[in-house]
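S.K.: Handing you this structure, nothing more for now.
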Amino acid sequence: MKTRKTASAILNDLLRLMGFSKDNQLAEWLGVSAQAVSQARKKDKVPDGWLIQAALRQGLSLDALLFDRAANGNPQPDTASGAAEQSKIDISLVPLVAARLSAGGGSLETDGEVLNHFAFRQDWLQRKGNPEDMVLMRVYGDSMEPVIHHNDLVLVDQGKRHIIPHAVFAVGIDDEIYVKQVETQPGHRLVLRSFNERYAPVEIDMRGDLADSIRILGRAIWWCHEA
């Protein structure tokens with residue numbers, strides 16, 4: 001009979017598996033703070049995202065991470081098991097980058113540094129596009145409310161740059177990044193629209209001085225916010 005491990009047992013197994021001796025080393029590997037690992041031990045709860053990330057990186061089944069299966073209590077690579085194969089096939093990790101999408105006056109935070117990874121069903125991502133082209137970005141501002149809220153996560157497909165009327169895109173103008181509805185109009189005009197009626201549309205003459213500074217970075221294919 002399988003016994004579910006405690007959070008501390010899971011984290012200790014990961015420490016041994018990675019050859020680490022301290023929680024801060026594991027935290028760095030997971031892309032989280034040392035305090036987050038400490039809280040996971042105290043609350044006896046390892047976030048699902050950490051488990052999926054570890055399983056994918058190390059070729060482990062989630063079952064091997066969660067339950068005692070071997071006499072020594074260490075997780076063993078189990079690529080032949082159905083659970084391991086299922087986790088590899090069904091889950092993809094999408095990076096959350098440091099760049100922030102402005103839903104307001106424009107964001108100057110355009111760093112591409114990866115802050116974390118979030119798990120998505122691979123078959124769902126593939127129906128949307130190429131998972132390798134996708135990144136998550138966080139929204140700053142209220143111009144896209146009530147549809148997209150301040151601090152929401154937006155999944156941007158950088159492989160989809162062809163403008164579809166009324167679709168939502170990440171748009172770069174010089175060093176600023178916006179999230180807006182985008183449409184083209186006669187006369188070589190590009191229009192950036194907000195969902196929030198308090199923000200007026202922005203029209204850009206694509207034959208003017210700004211044309212070379214505008215970049216369609218990708219289409220927003222999904223967004224979410226916490227309740």
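As shown in the structure tokens, the chain order sets the letters A, B, ...; within each chain, residues go from 1, and ligands are also counted from 1 in the order they appear.
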As a PyMOL selection string, please: the residues near Val46 in chain A (cut-off 12 Å, only C-alpha atoms, same-chain neighbours under 2 positions excluded).
M.R.: chain A and resi 5-12+14+30+36-44+48-54+65-66
S.K.: Keeping only N, CA, C and O atoms, take the residues you just selected and write them out as a short mmCIF file (atom, residue, chain, number, x, y, z; two decimals), in the first residue's frame.
M.R.:
data_model
loop_
_atom_site.label_atom_id
_atom_site.label_comp_id
_atom_site.auth_asym_id
_atom_site.auth_seq_id
_atom_site.Cartn_x
_atom_site.Cartn_y
_atom_site.Cartn_z
N LYS A 5 3.79 10.92 0.97
CA LYS A 5 4.87 11.55 1.72
C LYS A 5 4.43 12.90 2.27
O LYS A 5 3.56 13.58 1.70
N THR A 6 5.08 13.32 3.32
CA THR A 6 4.89 14.67 3.82
C THR A 6 5.63 15.64 2.90
O THR A 6 6.49 15.24 2.11
N ALA A 7 5.29 16.92 3.02
CA ALA A 7 5.98 17.93 2.21
C ALA A 7 7.48 17.91 2.50
O ALA A 7 8.30 18.01 1.58
N SER A 8 7.87 17.78 3.76
CA SER A 8 9.29 17.76 4.11
C SER A 8 9.99 16.56 3.49
O SER A 8 11.13 16.67 3.02
N ALA A 9 9.31 15.41 3.46
CA ALA A 9 9.91 14.22 2.86
C ALA A 9 10.12 14.42 1.36
O ALA A 9 11.16 14.04 0.81
N ILE A 10 9.14 15.03 0.69
CA ILE A 10 9.27 15.30 -0.74
C ILE A 10 10.44 16.24 -1.01
O ILE A 10 11.27 16.01 -1.90
N LEU A 11 10.51 17.31 -0.23
CA LEU A 11 11.58 18.29 -0.42
C LEU A 11 12.94 17.70 -0.10
O LEU A 11 13.93 17.98 -0.78
N ASN A 12 13.00 16.86 0.93
CA ASN A 12 14.27 16.21 1.27
C ASN A 12 14.71 15.26 0.16
O ASN A 12 15.91 15.14 -0.14
N LEU A 14 14.05 15.63 -2.99
CA LEU A 14 14.54 16.47 -4.07
C LEU A 14 15.95 16.99 -3.76
O LEU A 14 16.80 17.08 -4.66
N LEU A 30 14.26 25.71 -8.24
CA LEU A 30 12.84 25.78 -8.55
C LEU A 30 12.41 27.16 -9.04
O LEU A 30 11.31 27.33 -9.56
N ALA A 36 9.68 30.60 0.51
CA ALA A 36 8.58 29.79 -0.04
C ALA A 36 8.78 28.31 0.29
O ALA A 36 7.83 27.60 0.62
N VAL A 37 10.03 27.84 0.20
CA VAL A 37 10.31 26.45 0.54
C VAL A 37 10.07 26.21 2.02
O VAL A 37 9.49 25.20 2.43
N SER A 38 10.50 27.17 2.85
CA SER A 38 10.28 27.06 4.29
C SER A 38 8.79 27.01 4.62
O SER A 38 8.35 26.20 5.46
N GLN A 39 8.00 27.83 3.96
CA GLN A 39 6.55 27.84 4.19
C GLN A 39 5.90 26.53 3.73
O GLN A 39 4.95 26.05 4.34
N ALA A 40 6.42 25.95 2.63
CA ALA A 40 5.89 24.67 2.16
C ALA A 40 6.09 23.59 3.21
O ALA A 40 5.21 22.74 3.44
N ARG A 41 7.24 23.63 3.88
CA ARG A 41 7.49 22.66 4.95
C ARG A 41 6.53 22.89 6.13
O ARG A 41 5.94 21.94 6.66
N LYS A 42 6.37 24.15 6.51
CA LYS A 42 5.52 24.46 7.66
C LYS A 42 4.06 24.11 7.40
O LYS A 42 3.35 23.61 8.29
N LYS A 43 3.60 24.38 6.18
CA LYS A 43 2.19 24.13 5.85
C LYS A 43 1.95 22.71 5.37
O LYS A 43 0.80 22.33 5.11
N ASP A 44 3.03 21.94 5.22
CA ASP A 44 2.95 20.56 4.72
C ASP A 44 2.25 20.50 3.37
O ASP A 44 1.39 19.66 3.13
N ASP A 48 1.76 22.30 -6.62
CA ASP A 48 1.73 21.38 -7.76
C ASP A 48 2.74 21.78 -8.84
O ASP A 48 3.34 20.92 -9.49
N GLY A 49 2.92 23.09 -9.03
CA GLY A 49 3.85 23.54 -10.06
C GLY A 49 5.27 23.08 -9.80
O GLY A 49 6.01 22.76 -10.74
N TRP A 50 5.68 23.04 -8.53
CA TRP A 50 7.02 22.55 -8.19
C TRP A 50 7.15 21.08 -8.53
O TRP A 50 8.17 20.64 -9.06
N LEU A 51 6.12 20.31 -8.19
CA LEU A 51 6.16 18.87 -8.45
C LEU A 51 6.23 18.58 -9.93
O LEU A 51 7.02 17.72 -10.38
N ILE A 52 5.42 19.29 -10.72
CA ILE A 52 5.43 19.08 -12.17
C ILE A 52 6.77 19.47 -12.75
O ILE A 52 7.33 18.78 -13.61
N GLN A 53 7.31 20.60 -12.29
CA GLN A 53 8.60 21.06 -12.79
C GLN A 53 9.69 20.03 -12.49
O GLN A 53 10.51 19.70 -13.36
N ALA A 54 9.72 19.50 -11.26
CA ALA A 54 10.72 18.51 -10.89
C ALA A 54 10.56 17.23 -11.70
O ALA A 54 11.55 16.63 -12.15
N LEU A 65 7.25 10.93 -6.86
CA LEU A 65 7.55 12.06 -5.98
C LEU A 65 6.61 12.11 -4.77
O LEU A 65 7.03 12.49 -3.68
N LEU A 66 5.37 11.71 -4.98
CA LEU A 66 4.35 11.89 -3.94
C LEU A 66 4.24 10.74 -2.96
O LEU A 66 3.82 10.94 -1.82
#
S.K.: Would you compute the distance between CA of Asp23 in chain A and CA of Lys45 in chain A? Give it in Å to one decimal.
M.R.: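 Separation of CA of Asp23 in chain A and CA of Lys45 in chain A: 15.1 Å.
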S.K.: List every residue of range 93-219 of chain A that DSSP, applied to the backbone, labels as helix (DSSP H, G or I), and write the result as a ChimeraX atom specification.
M.R.: /A:122-128,131-133,211-213
S.K.: Keeping all heavy atoms, export the residues of the selection given above as a short mmCIF file (atom, residue, chain, number, x, y, z; two decimals), in the first residue's frame.
M.R.:
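Ended up saving to again.cif:
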data_model
loop_
_atom_site.label_atom_id
_atom_site.label_comp_id
_atom_site.auth_asym_id
_atom_site.auth_seq_id
_atom_site.Cartn_x
_atom_site.Cartn_y
_atom_site.Cartn_z
N GLN A 122 -0.22 20.16 -22.56
CA GLN A 122 0.50 20.29 -23.82
C GLN A 122 -0.44 20.22 -25.02
O GLN A 122 -0.28 20.97 -25.99
CB GLN A 122 1.55 19.19 -23.93
CG GLN A 122 2.53 19.39 -25.07
CD GLN A 122 3.62 18.35 -25.07
OE1 GLN A 122 3.43 17.25 -25.56
NE2 GLN A 122 4.76 18.69 -24.49
N ASP A 123 -1.46 19.36 -24.97
CA ASP A 123 -2.37 19.25 -26.11
C ASP A 123 -3.16 20.54 -26.30
O ASP A 123 -3.43 20.96 -27.43
CB ASP A 123 -3.29 18.04 -25.97
CG ASP A 123 -4.12 18.06 -24.69
OD1 ASP A 123 -3.84 18.88 -23.79
OD2 ASP A 123 -5.05 17.24 -24.58
N TRP A 124 -3.50 21.23 -25.18
CA TRP A 124 -4.21 22.51 -25.29
C TRP A 124 -3.31 23.57 -25.93
O TRP A 124 -3.74 24.31 -26.81
CB TRP A 124 -4.66 22.96 -23.91
CG TRP A 124 -5.45 24.24 -23.91
CD1 TRP A 124 -6.77 24.40 -24.15
CD2 TRP A 124 -4.92 25.56 -23.67
NE1 TRP A 124 -7.11 25.73 -24.06
CE2 TRP A 124 -6.01 26.46 -23.77
CE3 TRP A 124 -3.65 26.05 -23.37
CZ2 TRP A 124 -5.85 27.83 -23.58
CZ3 TRP A 124 -3.50 27.42 -23.18
CH2 TRP A 124 -4.59 28.30 -23.29
N LEU A 125 -2.05 23.63 -25.50
CA LEU A 125 -1.12 24.59 -26.08
C LEU A 125 -0.92 24.34 -27.57
O LEU A 125 -0.87 25.28 -28.38
CB LEU A 125 0.23 24.52 -25.36
CG LEU A 125 0.29 25.02 -23.92
CD1 LEU A 125 1.68 24.80 -23.35
CD2 LEU A 125 -0.10 26.48 -23.81
N GLN A 126 -0.81 23.08 -27.94
CA GLN A 126 -0.58 22.75 -29.35
C GLN A 126 -1.76 23.11 -30.23
O GLN A 126 -1.59 23.45 -31.40
CB GLN A 126 -0.23 21.27 -29.47
CG GLN A 126 1.15 20.93 -28.92
CD GLN A 126 1.44 19.44 -28.89
OE1 GLN A 126 0.52 18.61 -28.91
NE2 GLN A 126 2.71 19.08 -28.85
N ARG A 127 -2.96 23.04 -29.66
CA ARG A 127 -4.13 23.48 -30.43
C ARG A 127 -4.09 24.99 -30.66
O ARG A 127 -4.64 25.50 -31.63
CB ARG A 127 -5.43 23.10 -29.71
CG ARG A 127 -5.74 21.61 -29.73
CD ARG A 127 -7.21 21.34 -29.40
NE ARG A 127 -7.58 21.80 -28.07
CZ ARG A 127 -7.48 21.07 -26.98
NH1 ARG A 127 -7.01 19.84 -27.05
NH2 ARG A 127 -7.85 21.55 -25.80
N LYS A 128 -3.46 25.71 -29.74
CA LYS A 128 -3.38 27.17 -29.85
C LYS A 128 -2.25 27.64 -30.75
O LYS A 128 -2.30 28.72 -31.34
CB LYS A 128 -3.20 27.78 -28.46
CG LYS A 128 -4.36 27.55 -27.51
CD LYS A 128 -5.58 28.34 -27.92
CE LYS A 128 -6.70 28.22 -26.90
NZ LYS A 128 -7.90 29.00 -27.30
N PRO A 131 3.99 25.69 -28.63
CA PRO A 131 4.31 26.00 -27.23
C PRO A 131 5.66 26.68 -27.05
O PRO A 131 5.84 27.46 -26.10
CB PRO A 131 4.27 24.63 -26.55
CG PRO A 131 3.33 23.82 -27.38
CD PRO A 131 3.58 24.28 -28.80
N GLU A 132 6.61 26.41 -27.95
CA GLU A 132 7.94 27.00 -27.80
C GLU A 132 7.94 28.50 -28.06
O GLU A 132 8.89 29.19 -27.69
CB GLU A 132 8.93 26.31 -28.75
CG GLU A 132 9.18 24.84 -28.39
CD GLU A 132 10.22 24.21 -29.27
OE1 GLU A 132 10.74 24.91 -30.19
OE2 GLU A 132 10.52 23.02 -29.08
N ASP A 133 6.88 29.00 -28.69
CA ASP A 133 6.78 30.43 -28.98
C ASP A 133 6.04 31.20 -27.87
O ASP A 133 5.87 32.41 -27.97
CB ASP A 133 6.04 30.67 -30.30
CG ASP A 133 6.85 30.24 -31.51
OD1 ASP A 133 8.09 30.26 -31.41
OD2 ASP A 133 6.23 29.89 -32.54
N ALA A 211 6.30 54.49 -37.24
CA ALA A 211 6.14 53.18 -37.89
C ALA A 211 7.27 52.22 -37.56
O ALA A 211 7.05 51.04 -37.29
CB ALA A 211 6.02 53.37 -39.40
N ASP A 212 8.51 52.72 -37.60
CA ASP A 212 9.66 51.84 -37.37
C ASP A 212 9.80 51.42 -35.92
O ASP A 212 10.55 50.49 -35.61
CB ASP A 212 10.95 52.54 -37.82
CG ASP A 212 11.01 52.73 -39.34
OD1 ASP A 212 10.31 51.96 -40.04
OD2 ASP A 212 11.72 53.63 -39.80
N SER A 213 9.10 52.10 -35.02
CA SER A 213 9.26 51.80 -33.60
C SER A 213 8.20 50.84 -33.08
O SER A 213 8.26 50.40 -31.94
CB SER A 213 9.21 53.09 -32.78
OG SER A 213 7.93 53.70 -32.88
#
S.K.: Quick one: DSSP strand (DSSP E) residues in range 38-227 of chain A, as a ChimeraX atom specification?
M.R.: /A:67-68,91-102,114-121,134-140,153-157,167-173,176-185,189-193,202-205,214-224
S.K.: Quick one: write out the picked residues with C-alpha atoms as a PDB file, in the first residue's frame?
M.R.:
ATOM      1  CA  PHE A  67       4.364   8.347  -2.569  1.00  0.00           C
ATOM      2  CA  ASP A  68       6.812   6.030  -0.842  1.00  0.00           C
ATOM      3  CA  ILE A  91       2.297  18.904 -19.445  1.00  0.00           C
ATOM      4  CA  SER A  92       4.435  21.754 -20.785  1.00  0.00           C
ATOM      5  CA  LEU A  93       6.082  24.463 -18.713  1.00  0.00           C
ATOM      6  CA  VAL A  94       5.648  28.006 -20.035  1.00  0.00           C
ATOM      7  CA  PRO A  95       8.082  30.667 -18.782  1.00  0.00           C
ATOM      8  CA  LEU A  96       6.896  33.749 -16.926  1.00  0.00           C
ATOM      9  CA  VAL A  97       9.205  36.545 -18.076  1.00  0.00           C
ATOM     10  CA  ALA A  98      10.099  39.694 -16.202  1.00  0.00           C
ATOM     11  CA  ALA A  99       8.695  41.948 -18.946  1.00  0.00           C
ATOM     12  CA  ARG A 100       5.342  43.457 -17.954  1.00  0.00           C
ATOM     13  CA  LEU A 101       2.454  44.348 -20.257  1.00  0.00           C
ATOM     14  CA  SER A 102       1.014  47.765 -19.687  1.00  0.00           C
ATOM     15  CA  VAL A 114      12.568  34.094 -16.739  1.00  0.00           C
ATOM     16  CA  LEU A 115      11.037  34.437 -13.265  1.00  0.00           C
ATOM     17  CA  ASN A 116       9.179  31.141 -13.021  1.00  0.00           C
ATOM     18  CA  HIS A 117       7.406  28.455 -15.033  1.00  0.00           C
ATOM     19  CA  PHE A 118       3.726  27.533 -15.111  1.00  0.00           C
ATOM     20  CA  ALA A 119       2.319  24.178 -16.187  1.00  0.00           C
ATOM     21  CA  PHE A 120      -0.208  23.900 -19.040  1.00  0.00           C
ATOM     22  CA  ARG A 121      -1.703  20.916 -20.797  1.00  0.00           C
ATOM     23  CA  MET A 134       4.726  31.126 -25.854  1.00  0.00           C
ATOM     24  CA  VAL A 135       5.564  33.205 -22.802  1.00  0.00           C
ATOM     25  CA  LEU A 136       3.588  34.470 -19.839  1.00  0.00           C
ATOM     26  CA  MET A 137       3.642  38.166 -18.982  1.00  0.00           C
ATOM     27  CA  ARG A 138       2.032  40.041 -16.109  1.00  0.00           C
ATOM     28  CA  VAL A 139      -0.258  43.022 -16.727  1.00  0.00           C
ATOM     29  CA  TYR A 140       0.177  46.408 -15.082  1.00  0.00           C
ATOM     30  CA  LEU A 153      -1.175  36.723 -16.271  1.00  0.00           C
ATOM     31  CA  VAL A 154      -1.422  36.817 -20.070  1.00  0.00           C
ATOM     32  CA  LEU A 155      -0.214  34.010 -22.323  1.00  0.00           C
ATOM     33  CA  VAL A 156       1.383  35.524 -25.419  1.00  0.00           C
ATOM     34  CA  ASP A 157       2.047  33.465 -28.555  1.00  0.00           C
ATOM     35  CA  ALA A 167      -7.889  40.337 -31.177  1.00  0.00           C
ATOM     36  CA  VAL A 168      -5.649  41.222 -28.228  1.00  0.00           C
ATOM     37  CA  PHE A 169      -1.922  41.603 -28.840  1.00  0.00           C
ATOM     38  CA  ALA A 170       1.241  42.494 -26.993  1.00  0.00           C
ATOM     39  CA  VAL A 171       2.555  45.568 -28.807  1.00  0.00           C
ATOM     40  CA  GLY A 172       5.957  47.173 -28.428  1.00  0.00           C
ATOM     41  CA  ILE A 173       6.379  50.886 -29.063  1.00  0.00           C
ATOM     42  CA  GLU A 176       7.349  50.253 -23.902  1.00  0.00           C
ATOM     43  CA  ILE A 177       5.079  47.216 -24.062  1.00  0.00           C
ATOM     44  CA  TYR A 178       1.289  47.420 -24.206  1.00  0.00           C
ATOM     45  CA  VAL A 179      -1.561  44.904 -24.229  1.00  0.00           C
ATOM     46  CA  LYS A 180      -4.350  46.153 -26.492  1.00  0.00           C
ATOM     47  CA  GLN A 181      -6.981  45.215 -28.996  1.00  0.00           C
ATOM     48  CA  VAL A 182      -5.397  45.870 -32.371  1.00  0.00           C
ATOM     49  CA  GLU A 183      -6.994  46.601 -35.727  1.00  0.00           C
ATOM     50  CA  THR A 184      -5.938  48.076 -39.039  1.00  0.00           C
ATOM     51  CA  GLN A 185      -7.908  50.785 -40.820  1.00  0.00           C
ATOM     52  CA  ARG A 189      -3.532  53.330 -39.751  1.00  0.00           C
ATOM     53  CA  LEU A 190      -3.068  51.035 -36.786  1.00  0.00           C
ATOM     54  CA  VAL A 191      -5.561  51.431 -33.936  1.00  0.00           C
ATOM     55  CA  LEU A 192      -4.877  50.290 -30.363  1.00  0.00           C
ATOM     56  CA  ARG A 193      -8.064  49.963 -28.313  1.00  0.00           C
ATOM     57  CA  VAL A 202      -4.704  55.325 -30.000  1.00  0.00           C
ATOM     58  CA  GLU A 203      -4.322  55.750 -33.758  1.00  0.00           C
ATOM     59  CA  ILE A 204      -0.907  55.410 -35.364  1.00  0.00           C
ATOM     60  CA  ASP A 205      -0.029  56.350 -38.943  1.00  0.00           C
ATOM     61  CA  ILE A 214       6.124  49.617 -33.494  1.00  0.00           C
ATOM     62  CA  ARG A 215       6.388  45.850 -33.073  1.00  0.00           C
ATOM     63  CA  ILE A 216       3.597  43.302 -32.836  1.00  0.00           C
ATOM     64  CA  LEU A 217       5.136  40.968 -30.251  1.00  0.00           C
ATOM     65  CA  GLY A 218       2.469  38.289 -30.273  1.00  0.00           C
ATOM     66  CA  ARG A 219      -1.192  37.517 -29.799  1.00  0.00           C
ATOM     67  CA  ALA A 220      -2.662  37.108 -26.309  1.00  0.00           C
ATOM     68  CA  ILE A 221      -4.331  33.691 -26.436  1.00  0.00           C
ATOM     69  CA  TRP A 222      -5.272  33.317 -22.745  1.00  0.00           C
ATOM     70  CA  TRP A 223      -5.366  35.337 -19.532  1.00  0.00           C
ATOM     71  CA  CYS A 224      -6.404  34.751 -15.953  1.00  0.00           C
TER      72      CYS A 224
END
S.K.: Can you work out which one of A:Ile163, A:Ser194, A:Gln158, A:Trp29 has the shortest atom-to-atom distance to Gly141 in chain A, counting only C-alpha atoms?
M.R.: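 Closest to Gly141 in chain A of all the choices is A:Ser194.
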S.K.: Provide the CA of Ile148 in chain A to CA of Pro165 in chain A distance in Å, to one decimal place.
M.R.: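 Separating CA of Ile148 in chain A from CA of Pro165 in chain A is a distance of 17.8 Å.
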